[in-house]
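Have a look at structure-v6.cif below; it lists mmCIF, C-alpha atoms and all ligand atoms.
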data_run
#
loop_
_atom_site.label_atom_id
_atom_site.label_comp_id
_atom_site.auth_asym_id
_atom_site.auth_seq_id
_atom_site.Cartn_x
_atom_site.Cartn_y
_atom_site.Cartn_z
CA ALA A 1 6.76 2.07 25.53
CA LEU A 2 7.01 -1.02 23.39
CA GLU A 3 7.58 -4.33 25.13
CA ALA A 4 10.82 -6.08 24.30
CA ALA A 5 10.86 -6.61 20.54
CA ARG A 6 10.94 -10.17 19.22
CA GLY A 7 12.62 -9.03 16.05
CA ALA A 8 10.47 -10.04 13.07
CA VAL A 9 11.21 -7.69 10.16
CA ARG A 10 8.99 -7.28 7.10
CA PHE A 11 9.21 -5.23 3.96
CA GLU A 12 5.69 -4.77 2.60
CA GLU A 13 5.63 -3.58 -1.01
CA VAL A 14 8.39 -1.11 -0.30
CA THR A 15 9.29 1.24 -3.10
CA PHE A 16 12.27 3.47 -2.48
CA ALA A 17 14.10 6.16 -4.44
CA TYR A 18 16.73 8.60 -3.21
CA GLY A 19 14.96 11.94 -3.60
CA THR A 20 13.58 12.23 -7.10
CA GLY A 21 16.15 9.80 -8.50
CA LYS A 22 15.55 6.39 -10.01
CA VAL A 23 13.72 3.72 -8.06
CA ILE A 24 16.24 1.57 -6.17
CA LEU A 25 13.79 -0.88 -4.59
CA PRO A 26 10.65 -1.54 -6.66
CA ARG A 27 7.75 -2.95 -4.58
CA PHE A 28 10.09 -4.94 -2.44
CA THR A 29 8.57 -7.59 -0.18
CA LEU A 30 10.54 -9.65 2.32
CA ASP A 31 9.68 -11.51 5.48
CA ILE A 32 12.42 -12.15 8.06
CA PRO A 33 11.21 -14.20 11.04
CA ALA A 34 12.48 -13.29 14.50
CA GLY A 35 15.85 -14.84 15.22
CA GLN A 36 16.88 -15.53 11.65
CA THR A 37 20.35 -14.67 10.34
CA VAL A 38 20.13 -13.40 6.78
CA ALA A 39 23.20 -12.82 4.62
CA LEU A 40 22.73 -10.29 1.83
CA VAL A 41 24.98 -10.66 -1.16
CA GLY A 42 24.93 -9.30 -4.68
CA THR A 43 26.66 -7.00 -7.13
CA THR A 44 27.61 -3.44 -6.32
CA GLY A 45 24.67 -1.06 -6.54
CA ALA A 46 22.13 -3.88 -6.05
CA GLY A 47 20.53 -2.08 -3.10
CA LYS A 48 21.94 -4.00 -0.11
CA SER A 49 23.02 -0.94 1.88
CA THR A 50 19.80 0.84 0.92
CA LEU A 51 17.79 -2.05 2.34
CA ALA A 52 19.86 -1.95 5.55
CA LYS A 53 19.30 1.80 5.85
CA LEU A 54 15.54 1.34 5.53
CA VAL A 55 15.55 -1.16 8.42
CA SER A 56 17.58 1.18 10.61
CA ARG A 57 15.27 4.07 9.56
CA PHE A 58 18.11 6.08 8.15
CA TYR A 59 15.57 6.50 5.34
CA ASP A 60 11.84 5.84 5.08
CA PRO A 61 10.13 4.09 2.15
CA SER A 62 8.67 6.25 -0.61
CA GLN A 63 5.75 3.79 -0.63
CA GLY A 64 4.87 0.73 1.42
CA ARG A 65 6.18 0.03 4.89
CA VAL A 66 8.87 -1.69 6.90
CA THR A 67 7.64 -3.30 10.12
CA LEU A 68 9.16 -4.64 13.32
CA ASP A 69 6.92 -7.27 14.91
CA GLY A 70 4.07 -5.95 12.76
CA VAL A 71 4.50 -2.30 13.74
CA ASP A 72 5.42 0.27 11.09
CA LEU A 73 8.89 1.61 11.99
CA ARG A 74 7.50 5.12 11.58
CA ASP A 75 5.12 4.42 14.47
CA LEU A 76 7.86 3.39 16.89
CA ALA A 77 9.21 5.90 19.40
CA SER A 78 12.79 6.70 18.42
CA ARG A 79 13.98 5.41 21.78
CA ASP A 80 12.35 2.01 21.18
CA LEU A 81 13.70 1.94 17.65
CA ARG A 82 17.24 2.70 18.80
CA ARG A 83 17.04 0.02 21.45
CA SER A 84 15.56 -2.62 19.15
CA ILE A 85 17.51 -2.11 15.95
CA VAL A 86 21.24 -1.52 15.85
CA MET A 87 23.33 -1.09 12.73
CA VAL A 88 27.06 -1.72 12.76
CA THR A 89 28.79 -0.20 9.76
CA GLN A 90 32.41 -0.33 8.73
CA GLU A 91 32.82 3.46 8.99
CA ALA A 92 31.52 3.73 12.52
CA TYR A 93 33.67 1.20 14.30
CA LEU A 94 35.39 3.58 16.72
CA PHE A 95 34.89 7.04 18.16
CA SER A 96 37.34 9.10 20.16
CA GLY A 97 37.45 8.20 23.82
CA THR A 98 38.45 5.17 25.80
CA VAL A 99 37.89 1.56 24.83
CA ALA A 100 35.27 1.34 27.60
CA ASP A 101 33.46 4.44 26.28
CA ASN A 102 33.45 2.88 22.84
CA ILE A 103 31.91 -0.35 24.07
CA ALA A 104 29.30 1.48 26.17
CA LEU A 105 28.28 3.83 23.37
CA GLY A 106 24.69 2.63 23.09
CA ARG A 107 24.42 1.90 26.82
CA PRO A 108 25.74 4.88 28.79
CA ASP A 109 24.28 3.34 31.96
CA ALA A 110 26.40 0.18 31.63
CA THR A 111 28.64 -0.76 34.54
CA MET A 112 32.29 -1.67 34.08
CA ASP A 113 31.39 -5.30 34.86
CA GLU A 114 28.87 -5.31 32.01
CA ILE A 115 31.39 -3.74 29.65
CA VAL A 116 33.99 -6.36 30.49
CA ALA A 117 31.41 -9.17 30.21
CA ALA A 118 30.46 -7.97 26.70
CA ALA A 119 34.13 -7.82 25.69
CA ARG A 120 34.68 -11.34 27.07
CA ALA A 121 31.66 -12.68 25.22
CA VAL A 122 33.06 -11.66 21.85
CA GLY A 123 36.65 -12.55 22.74
CA ALA A 124 37.93 -8.96 22.95
CA ASP A 125 38.91 -8.93 26.62
CA ALA A 126 42.42 -10.38 26.24
CA PHE A 127 43.75 -7.82 23.77
CA ILE A 128 42.02 -4.95 25.62
CA GLN A 129 43.77 -6.03 28.85
CA SER A 130 47.07 -5.92 26.98
CA LEU A 131 46.64 -2.28 25.88
CA PRO A 132 48.70 0.30 27.84
CA ASP A 133 45.76 1.42 30.00
CA GLY A 134 43.44 -1.54 29.45
CA TYR A 135 39.82 -0.45 29.14
CA SER A 136 40.87 3.17 29.87
CA THR A 137 43.16 3.31 26.83
CA ASP A 138 42.30 6.23 24.58
CA VAL A 139 41.77 4.63 21.17
CA ASN A 140 43.18 7.67 19.37
CA LYS A 141 46.32 8.04 21.45
CA ARG A 142 49.73 6.66 20.60
CA GLY A 143 50.01 3.15 21.97
CA GLY A 144 46.24 2.91 21.98
CA ARG A 145 46.21 2.09 18.29
CA VAL A 146 44.25 -1.01 17.55
CA SER A 147 44.25 -3.16 14.44
CA ALA A 148 41.34 -3.45 12.00
CA GLY A 149 40.31 -6.78 13.48
CA GLN A 150 40.48 -5.41 17.02
CA ARG A 151 38.35 -2.42 16.03
CA GLN A 152 35.71 -4.79 14.71
CA LEU A 153 35.81 -6.77 17.94
CA ILE A 154 35.27 -3.60 19.97
CA SER A 155 32.28 -2.73 17.81
CA PHE A 156 30.95 -6.27 18.28
CA ALA A 157 31.30 -5.88 22.06
CA ARG A 158 29.33 -2.63 21.76
CA ALA A 159 26.56 -4.38 19.82
CA PHE A 160 26.56 -7.32 22.25
CA LEU A 161 26.14 -4.94 25.18
CA ALA A 162 23.35 -3.03 23.40
CA ASN A 163 21.65 -6.43 22.89
CA PRO A 164 19.20 -5.35 20.18
CA ALA A 165 16.45 -7.63 18.82
CA VAL A 166 17.66 -6.81 15.33
CA LEU A 167 21.28 -6.39 14.35
CA ILE A 168 22.28 -5.06 10.96
CA LEU A 169 25.87 -5.48 9.99
CA ASP A 170 27.61 -4.09 6.94
CA GLU A 171 30.61 -6.36 7.05
CA ALA A 172 34.03 -4.82 6.50
CA THR A 173 35.61 -5.49 3.12
CA ALA A 174 39.14 -4.93 4.40
CA SER A 175 40.94 -8.23 4.52
CA LEU A 176 42.28 -9.42 7.83
CA ASP A 177 45.09 -11.79 8.65
CA ILE A 178 44.03 -15.37 9.33
CA PRO A 179 44.11 -15.26 13.16
CA SER A 180 42.01 -12.04 13.13
CA GLU A 181 39.63 -13.58 10.61
CA LYS A 182 39.11 -16.58 12.91
CA MET A 183 38.62 -14.30 15.90
CA ILE A 184 36.00 -12.25 14.05
CA GLN A 185 34.16 -15.36 12.90
CA GLY A 186 33.88 -16.71 16.42
CA ALA A 187 32.80 -13.32 17.75
CA LEU A 188 30.20 -13.02 15.02
CA GLN A 189 28.58 -16.32 15.94
CA THR A 190 28.28 -15.22 19.56
CA LEU A 191 26.88 -11.88 18.50
CA LEU A 192 24.24 -13.39 16.19
CA ALA A 193 22.83 -15.86 18.68
CA ASP A 194 19.28 -15.14 19.88
CA ARG A 195 18.58 -12.17 17.65
CA THR A 196 17.53 -11.32 14.13
CA ALA A 197 20.50 -10.38 11.98
CA ILE A 198 20.82 -8.91 8.53
CA ILE A 199 24.40 -9.01 7.35
CA ILE A 200 25.73 -7.50 4.16
CA ALA A 201 28.24 -10.27 3.81
CA HIS A 202 31.60 -9.98 2.13
CA ARG A 203 33.08 -13.16 3.53
CA LEU A 204 32.21 -16.70 2.48
CA SER A 205 32.62 -17.79 6.08
CA THR A 206 29.83 -15.38 7.06
CA VAL A 207 27.53 -16.61 4.32
CA ALA A 208 28.14 -20.14 5.59
CA ILE A 209 26.88 -19.35 9.11
CA ALA A 210 23.70 -17.62 7.90
CA ASP A 211 20.33 -19.39 8.01
CA ARG A 212 19.40 -17.83 4.71
CA VAL A 213 21.17 -16.13 1.84
CA LEU A 214 19.53 -13.48 -0.29
CA VAL A 215 21.17 -12.66 -3.60
CA MET A 216 20.18 -9.17 -4.74
CA GLU A 217 20.29 -7.59 -8.15
CA HIS A 218 18.73 -4.28 -9.26
CA GLY A 219 16.72 -3.91 -6.07
CA GLN A 220 15.27 -7.40 -6.20
CA VAL A 221 15.96 -10.73 -4.57
CA ILE A 222 16.97 -13.10 -7.35
CA GLU A 223 17.84 -16.04 -5.08
CA ASP A 224 16.63 -16.87 -1.59
CA ASP A 225 17.96 -20.08 -0.13
CA SER A 226 20.03 -21.78 2.55
CA PRO A 227 23.80 -21.42 2.20
CA GLU A 228 24.09 -25.15 1.50
CA ALA A 229 21.71 -24.92 -1.44
CA LEU A 230 23.54 -22.05 -3.11
P1 LIG B 301 27.74 -2.06 -2.70
O1 LIG B 301 27.93 -3.55 -2.78
O2 LIG B 301 28.61 -1.34 -3.66
O3 LIG B 301 27.83 -1.50 -1.31
P2 LIG B 301 24.84 -1.88 -2.54
O4 LIG B 301 24.18 -3.13 -2.96
O5 LIG B 301 25.00 -1.63 -1.10
O6 LIG B 301 26.25 -1.77 -3.27
P3 LIG B 301 23.40 0.61 -2.53
O7 LIG B 301 24.44 1.39 -1.83
O8 LIG B 301 22.18 0.24 -1.78
O9 LIG B 301 24.02 -0.69 -3.21
O10 LIG B 301 23.01 1.43 -3.81
C1 LIG B 301 21.90 1.08 -4.64
C2 LIG B 301 21.73 2.18 -5.67
O11 LIG B 301 21.38 3.40 -5.01
C3 LIG B 301 22.96 2.48 -6.49
O12 LIG B 301 22.55 2.74 -7.82
C4 LIG B 301 23.52 3.75 -5.85
O13 LIG B 301 24.19 4.53 -6.81
C5 LIG B 301 22.28 4.45 -5.36
N1 LIG B 301 22.53 5.25 -4.15
C6 LIG B 301 23.06 4.82 -2.99
N2 LIG B 301 23.12 5.79 -2.06
C7 LIG B 301 22.61 6.89 -2.65
C8 LIG B 301 22.39 8.24 -2.24
N3 LIG B 301 22.69 8.64 -0.99
N4 LIG B 301 21.84 9.10 -3.13
C9 LIG B 301 21.52 8.70 -4.38
N5 LIG B 301 21.69 7.45 -4.84
C10 LIG B 301 22.23 6.55 -4.01
MG MG B 302 26.63 -1.24 0.16
#
So that I can check it, write out the structure of this file as structure tokens.
Amino acid sequence: ALEAARGAVRFEEVTFAYGTGKVILPRFTLDIPAGQTVALVGTTGAGKSTLAKLVSRFYDPSQGRVTLDGVDLRDLASRDLRRSIVMVTQEAYLFSGTVADNIALGRPDATMDEIVAAARAVGADAFIQSLPDGYSTDVNKRGGRVSAGQRQLISFARAFLANPAVLILDEATASLDIPSEKMIQGALQTLLADRTAIIIAHRLSTVAIADRVLVMEHGQVIEDDSPEAL
């Protein structure tokens, strides 16, 4: 098995088309050093989600390669890939089951102490404790209903517990109230520390905490700079 990944991600001359359709990414090259937080922004259809899906190996390039620490993703064992690269999407925030099950999704071996520690780290512990059955609350049951912001926090706790070298986040577009927004921002900073992160960013506050902002258009990077410079 692979040793713990450092998290450097590279696109090397990647061309990608969905099936026989038009080319979405034409000879796309990008170097993301380990530990960097990259915010991806750009118009709808620019190819942001496609790029994220190539890193999580939802799809493979038509030509060229995507590498993790120099290794072609296609050459990684699926277990190593799943452990090293985690994608958090807006659709997949919660599954049926308890709050604890939801946090431990990628880490079925996790102890309750680890689950609670992950929730604490991202600031989700307090509201979870206040649910009718705490961590045992069924998220689909009456009374177990959680708000949009709380759902995101639970998914952040899940990602924190999984502790991948590379985190890909397709940020939710749904607007949150201001306290939730602040909570999410704080949680995000904790979550991004010490790992590579690629965030499809919909919030200015997220762009501001990135090390680097990539503006995409028609499958190409048209600007690549620090948030301050943009
Ligand atoms: P948005 O901001 O709207 O999420 P995006 O930058 O994420 O846009 P992508 O979803 O990567 O854009 O889409 C890039 C292009 O690929 C678009 O032209 C889109 O229509 C096309 N596309 C996306 N998914 C598929 C698919 N499953 N099959 C065929 N074409 C697709
Ligand atoms: Mg998208």
Where does chain A meet ligand LIG 301 (chain B) within 9 Å, residue by residue, with the nearest atom pair and distance in Å to one decimal for each, counting all atoms listed in the file, listed by chain and rising number, as JSON lines?
{"residue": "A:Ala17", "atom": "CA", "partner": "B:LIG301", "partner_atom": "N5", "distance": 7.7}
{"residue": "A:Tyr18", "atom": "CA", "partner": "B:LIG301", "partner_atom": "C9", "distance": 4.9}
{"residue": "A:Gly19", "atom": "CA", "partner": "B:LIG301", "partner_atom": "C9", "distance": 7.4}
{"residue": "A:Gly21", "atom": "CA", "partner": "B:LIG301", "partner_atom": "C9", "distance": 6.9}
{"residue": "A:Lys22", "atom": "CA", "partner": "B:LIG301", "partner_atom": "N5", "distance": 8.1}
{"residue": "A:Val23", "atom": "CA", "partner": "B:LIG301", "partner_atom": "O11", "distance": 8.3}
{"residue": "A:Ile24", "atom": "CA", "partner": "B:LIG301", "partner_atom": "C2", "distance": 5.5}
{"residue": "A:Leu25", "atom": "CA", "partner": "B:LIG301", "partner_atom": "C1", "distance": 8.3}
{"residue": "A:Leu40", "atom": "CA", "partner": "B:LIG301", "partner_atom": "O4", "distance": 8.7}
{"residue": "A:Val41", "atom": "CA", "partner": "B:LIG301", "partner_atom": "O4", "distance": 7.8}
{"residue": "A:Gly42", "atom": "CA", "partner": "B:LIG301", "partner_atom": "O4", "distance": 6.4}
{"residue": "A:Thr43", "atom": "CA", "partner": "B:LIG301", "partner_atom": "O1", "distance": 5.7}
{"residue": "A:Thr44", "atom": "CA", "partner": "B:LIG301", "partner_atom": "O2", "distance": 3.5}
{"residue": "A:Gly45", "atom": "CA", "partner": "B:LIG301", "partner_atom": "O9", "distance": 3.4}
{"residue": "A:Ala46", "atom": "CA", "partner": "B:LIG301", "partner_atom": "O4", "distance": 3.8}
{"residue": "A:Gly47", "atom": "CA", "partner": "B:LIG301", "partner_atom": "O8", "distance": 3.1}
{"residue": "A:Lys48", "atom": "CA", "partner": "B:LIG301", "partner_atom": "O4", "distance": 3.7}
{"residue": "A:Ser49", "atom": "CA", "partner": "B:LIG301", "partner_atom": "O5", "distance": 3.6}
{"residue": "A:Thr50", "atom": "CA", "partner": "B:LIG301", "partner_atom": "O8", "distance": 3.6}
{"residue": "A:Leu51", "atom": "CA", "partner": "B:LIG301", "partner_atom": "O8", "distance": 6.4}
{"residue": "A:Ala52", "atom": "CA", "partner": "B:LIG301", "partner_atom": "O8", "distance": 8.0}
{"residue": "A:Lys53", "atom": "CA", "partner": "B:LIG301", "partner_atom": "O8", "distance": 8.3}
{"residue": "A:Asp170", "atom": "CA", "partner": "B:LIG301", "partner_atom": "O3", "distance": 8.6}
{"residue": "A:Ile200", "atom": "CA", "partner": "B:LIG301", "partner_atom": "O5", "distance": 7.9}
{"residue": "A:His202", "atom": "CA", "partner": "B:LIG301", "partner_atom": "O1", "distance": 8.9}
{"residue": "A:Met216", "atom": "CA", "partner": "B:LIG301", "partner_atom": "O4", "distance": 7.5}
{"residue": "A:Glu217", "atom": "CA", "partner": "B:LIG301", "partner_atom": "O4", "distance": 7.9}
{"residue": "A:His218", "atom": "CA", "partner": "B:LIG301", "partner_atom": "C1", "distance": 7.8}
{"residue": "A:Gly219", "atom": "CA", "partner": "B:LIG301", "partner_atom": "C1", "distance": 7.3}
CA of Asp211 in chain A and CA of Leu188 in chain A are how many Å apart?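 Interatomic distance here is 13.7 Å.
Of the residues under consideration (A:Ala159, A:Ala172, A:Met183, A:Ala208), A:Ala159 shows the shortest atom-to-atom contact distance to Ile85 in chain A when counting all atoms listed in the file.
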In Å, with one decimal, what is the gap from CA of Phe160 in chain A to CA of Val207 in chain A?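 These atoms are spaced 20.2 Å apart.
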Residue with smallest distance to ligand MG 302 (chain B) - pool A:Gln220, A:Thr196, A:Thr89, A:Ser226, counting all atoms listed in the file: A:Thr89
Counting only C-alpha atoms, which residues of range 117-226 of chain A sit at most 10 Å from some atom of range 56-70 of chain A, and what is each one's closest atom pair with its distance in Å to one decimal, listed by chain and rising residue number, as a Markdown table?
| residue | atom | partner | partner_atom | distance |
| --- | --- | --- | --- | --- |
| A:Ala165 | CA | A:Leu68 | CA | 9.6 |
| A:Val166 | CA | A:Leu68 | CA | 9.0 |
| A:Leu167 | CA | A:Ser56 | CA | 9.2 |
| A:Ile168 | CA | A:Ser56 | CA | 7.8 |
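In terms of minimum interatomic distance to Asp224 in chain A, A:Ala210 ranks closest within A:Ile178, A:Ala210, A:Leu131, A:Ala126, counting all atoms listed in the file.
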Quick one: 5 Å padding each side, axis-aligned, all listed atoms of range 84-100 of chain A - centre and edge lengths in Å to one decimal, as AutoDock Vina command-line options?
--center_x 27.0 --center_y 3.2 --center_z 18.2 --size_x 32.9 --size_y 21.7 --size_z 28.9
Within 12 Å of Arg195 in chain A using only C-alpha atoms, minus same-chain residues under 3 positions, as a PDB file with C-alpha atoms, in the coordinates of the input:
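Generated output (selection.pdb):
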ATOM      1  CA  ALA A   4      10.820  -6.080  24.300  1.00  0.00           C
ATOM      2  CA  ALA A   5      10.860  -6.610  20.540  1.00  0.00           C
ATOM      3  CA  ARG A   6      10.940 -10.170  19.220  1.00  0.00           C
ATOM      4  CA  GLY A   7      12.620  -9.030  16.050  1.00  0.00           C
ATOM      5  CA  ALA A   8      10.470 -10.040  13.070  1.00  0.00           C
ATOM      6  CA  VAL A   9      11.210  -7.690  10.160  1.00  0.00           C
ATOM      7  CA  ILE A  32      12.420 -12.150   8.060  1.00  0.00           C
ATOM      8  CA  PRO A  33      11.210 -14.200  11.040  1.00  0.00           C
ATOM      9  CA  ALA A  34      12.480 -13.290  14.500  1.00  0.00           C
ATOM     10  CA  GLY A  35      15.850 -14.840  15.220  1.00  0.00           C
ATOM     11  CA  GLN A  36      16.880 -15.530  11.650  1.00  0.00           C
ATOM     12  CA  THR A  37      20.350 -14.670  10.340  1.00  0.00           C
ATOM     13  CA  VAL A  38      20.130 -13.400   6.780  1.00  0.00           C
ATOM     14  CA  SER A  84      15.560  -2.620  19.150  1.00  0.00           C
ATOM     15  CA  ILE A  85      17.510  -2.110  15.950  1.00  0.00           C
ATOM     16  CA  VAL A  86      21.240  -1.520  15.850  1.00  0.00           C
ATOM     17  CA  ALA A 159      26.560  -4.380  19.820  1.00  0.00           C
ATOM     18  CA  PHE A 160      26.560  -7.320  22.250  1.00  0.00           C
ATOM     19  CA  ALA A 162      23.350  -3.030  23.400  1.00  0.00           C
ATOM     20  CA  ASN A 163      21.650  -6.430  22.890  1.00  0.00           C
ATOM     21  CA  PRO A 164      19.200  -5.350  20.180  1.00  0.00           C
ATOM     22  CA  ALA A 165      16.450  -7.630  18.820  1.00  0.00           C
ATOM     23  CA  VAL A 166      17.660  -6.810  15.330  1.00  0.00           C
ATOM     24  CA  LEU A 167      21.280  -6.390  14.350  1.00  0.00           C
ATOM     25  CA  ILE A 168      22.280  -5.060  10.960  1.00  0.00           C
ATOM     26  CA  LEU A 188      30.200 -13.020  15.020  1.00  0.00           C
ATOM     27  CA  GLN A 189      28.580 -16.320  15.940  1.00  0.00           C
ATOM     28  CA  THR A 190      28.280 -15.220  19.560  1.00  0.00           C
ATOM     29  CA  LEU A 191      26.880 -11.880  18.500  1.00  0.00           C
ATOM     30  CA  LEU A 192      24.240 -13.390  16.190  1.00  0.00           C
ATOM     31  CA  ILE A 198      20.820  -8.910   8.530  1.00  0.00           C
TER      32      ILE A 198
END
List the spatial neighbours of Asp225 in chain A as an NGL selection string - criterion: any atom at most 7 Å away, all atoms listed in the file, same-chain residues fewer than 2 positions off excluded. :A and (212-214 or 223 or 227 or 229-230)
